[in-house]
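Working notes, beginning with the structure itself.
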Amino acid sequence: AVENVGYEDERQFYFDLIRASVKAGLALSIGDGYPDLKLFSGIEALRGVKKKGAVFLKPYPQMKLFERIEASLEAAEIIGVDTDAYNIVTMRNLVHLEKKSAKDLAALKKYAKLPFAVKGIFTSYDIEVVKELKPDIAIISNHGGRIDTREGSTAEFLAAYGTELKKYCGSLWVDGGVRTRHDIQTALFYGASQVII
């Protein structure tokens, strides 16, 4: 928030964003990152509006993820792992992110005891993980276009693989490039049940 949005205080951003989302009637979602203040400010903001939301965690080492899931449970209605964050080299090196297998994610899904999402489906490896894991929610995303553009856009990936992915997950979502009502309608046409803005 300070670096990218211009806020003077990182924490205040989360409170403003959550309040505005509630006012607009949007489903709520928070994520973590560096520093840890991002996750804990988001949890506190959800508590402040007495609502729950989706909590997306970076693919940290397993023990750290178990700790973060535990810390998030009171604010979460969905727990997700933002698997494509592993591909951001600076983030991976800064906080020691790990590439997650279906087995790794299955252990987290079992621990969370909530609907479980895998965010960052954008490669053939990711499709195989979804097939093996069968998550409650699979989210096609390329981390805002910062990960892998060889496959094209998330819309193209959804059009090419959405039908196949829907066989292996409870719900298919898409993230990235959704700006207009027409974008949402197109995503729904190609099989997405939700879009993330």
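Ordering of the structure tokens sets the chain letters (A, B, ...); residue numbers start at 1 within each chain; ligands are numbered from 1 in the order shown.
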### Task
Write down as number ranges by chain the residues belonging to segment 80-155 of chain A that are assigned strand (DSSP E or B) by DSSP computed on the backbone.
A: 80-82, 116-121, 137-140
### Task
Looking only at helix (DSSP H, G or I) from DSSP on the backbone, list the matching residues of segment 12-137 of chain A as a PyMOL selection string.
chain A and resi 12-24+37-48+62-72+83-87+89-95+102-112+124-133
Surrounding residues of Gly31 of chain A excluding itself and chain neighbours under 6 positions, 7 Å, only C-alpha atoms, as a PDB file with N, CA, C and O atoms, in the first residue's frame:
ATOM      1  N   LEU A  39      -0.734  -9.625   6.268  1.00  0.00           N
ATOM      2  CA  LEU A  39      -1.708 -10.645   6.650  1.00  0.00           C
ATOM      3  C   LEU A  39      -2.454 -10.241   7.909  1.00  0.00           C
ATOM      4  O   LEU A  39      -3.690 -10.281   7.962  1.00  0.00           O
ATOM      5  N   VAL A  55      -8.874 -16.090   2.561  1.00  0.00           N
ATOM      6  CA  VAL A  55      -7.523 -15.725   2.987  1.00  0.00           C
ATOM      7  C   VAL A  55      -6.546 -16.504   2.114  1.00  0.00           C
ATOM      8  O   VAL A  55      -6.531 -17.739   2.133  1.00  0.00           O
ATOM      9  N   PHE A  56      -5.754 -15.768   1.333  1.00  0.00           N
ATOM     10  CA  PHE A  56      -4.776 -16.383   0.440  1.00  0.00           C
ATOM     11  C   PHE A  56      -3.379 -16.220   1.017  1.00  0.00           C
ATOM     12  O   PHE A  56      -2.956 -15.106   1.333  1.00  0.00           O
ATOM     13  N   LEU A  57      -2.672 -17.333   1.110  1.00  0.00           N
ATOM     14  CA  LEU A  57      -1.336 -17.362   1.699  1.00  0.00           C
ATOM     15  C   LEU A  57      -0.307 -17.708   0.633  1.00  0.00           C
ATOM     16  O   LEU A  57      -0.581 -18.492  -0.279  1.00  0.00           O
TER      17      LEU A  57
END
Counting only C-alpha atoms, which residues in segment 36-98 of chain A sit no more than 9 Å from segment 7-24 of chain A? For each one, give the nearest pair of atoms and the distance in Å, sorted by chain then residue number, as CSV.
residue,atom,partner,partner_atom,distance
A:Leu37,CA,A:Arg11,CA,7.3
A:Lys38,CA,A:Arg11,CA,7.3
A:Phe40,CA,A:Arg11,CA,8.9
A:Ser41,CA,A:Arg11,CA,5.5
A:Gly42,CA,A:Tyr14,CA,5.5
A:Ile43,CA,A:Tyr14,CA,9.0
A:Glu44,CA,A:Phe15,CA,8.1
A:Ala45,CA,A:Phe15,CA,4.9
A:Leu46,CA,A:Ile18,CA,6.9
A:Gly48,CA,A:Phe15,CA,7.9
A:Val49,CA,A:Arg19,CA,7.1
A:Lys51,CA,A:Val22,CA,8.7
Export of prior selection with N, CA and C atoms as a tab-separated table (two decimals), in the first residue's frame:
chain	number	residue	atom	x	y	z
A	37	LEU	N	2.88	-7.88	8.48
A	37	LEU	CA	1.85	-6.89	8.77
A	37	LEU	C	0.69	-6.98	7.78
A	38	LYS	N	0.98	-7.34	6.53
A	38	LYS	CA	-0.06	-7.42	5.51
A	38	LYS	C	-1.13	-8.44	5.88
A	40	PHE	N	-1.72	-9.82	8.93
A	40	PHE	CA	-2.35	-9.56	10.21
A	40	PHE	C	-3.21	-8.30	10.19
A	41	SER	N	-2.88	-7.33	9.36
A	41	SER	CA	-3.74	-6.15	9.19
A	41	SER	C	-5.03	-6.54	8.47
A	42	GLY	N	-4.92	-7.42	7.49
A	42	GLY	CA	-6.11	-7.90	6.78
A	42	GLY	C	-7.05	-8.66	7.70
A	43	ILE	N	-6.49	-9.53	8.54
A	43	ILE	CA	-7.30	-10.28	9.51
A	43	ILE	C	-7.99	-9.31	10.46
A	44	GLU	N	-7.26	-8.33	10.93
A	44	GLU	CA	-7.81	-7.34	11.86
A	44	GLU	C	-8.92	-6.53	11.18
A	45	ALA	N	-8.74	-6.20	9.91
A	45	ALA	CA	-9.77	-5.45	9.18
A	45	ALA	C	-11.04	-6.27	9.02
A	46	LEU	N	-10.91	-7.56	8.75
A	46	LEU	CA	-12.08	-8.43	8.65
A	46	LEU	C	-12.80	-8.50	10.00
A	48	GLY	N	-12.81	-6.22	12.18
A	48	GLY	CA	-13.41	-4.90	12.40
A	48	GLY	C	-14.78	-4.74	11.77
A	49	VAL	N	-15.02	-5.43	10.66
A	49	VAL	CA	-16.33	-5.34	10.01
A	49	VAL	C	-17.20	-6.55	10.34
A	51	LYS	N	-16.92	-9.66	9.56
A	51	LYS	CA	-17.17	-10.50	8.38
A	51	LYS	C	-15.99	-11.46	8.21
### Query
What is the distance, in Å and to one decimal place, between atom CA of Lys58 of chain A and atom CA of Ala85 of chain A?
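Distance between the two atoms: 6.3 Å.
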### Task
Enter the distance from atom CA of Tyr60 of chain A to atom CA of Ser153 of chain A, in Å, rounded to one decimal.
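Separating atom CA of Tyr60 of chain A from atom CA of Ser153 of chain A is a distance of 26.1 Å.
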### Query
So which one's closest to Ala192 of chain A, A:Leu133, A:Val178, A:Leu172, A:Leu28? Using only C-alpha atoms, please.
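Residue with the minimum atom-to-atom distance to Ala192 of chain A: A:Leu172.
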### Message
Please compute the atom CA of Ala187 of chain A-atom CA of Ser141 of chain A distance, one decimal, in Å.
### Response
12.5 Å
### Query
Excluding same-chain residues fewer than 2 positions from Leu73 of chain A, what lies within 12 Å of it counting only C-alpha atoms, as an MDAnalysis selection string?
chainID A and resid 40 43 46:47 52:56 66:71 75:80 111:115
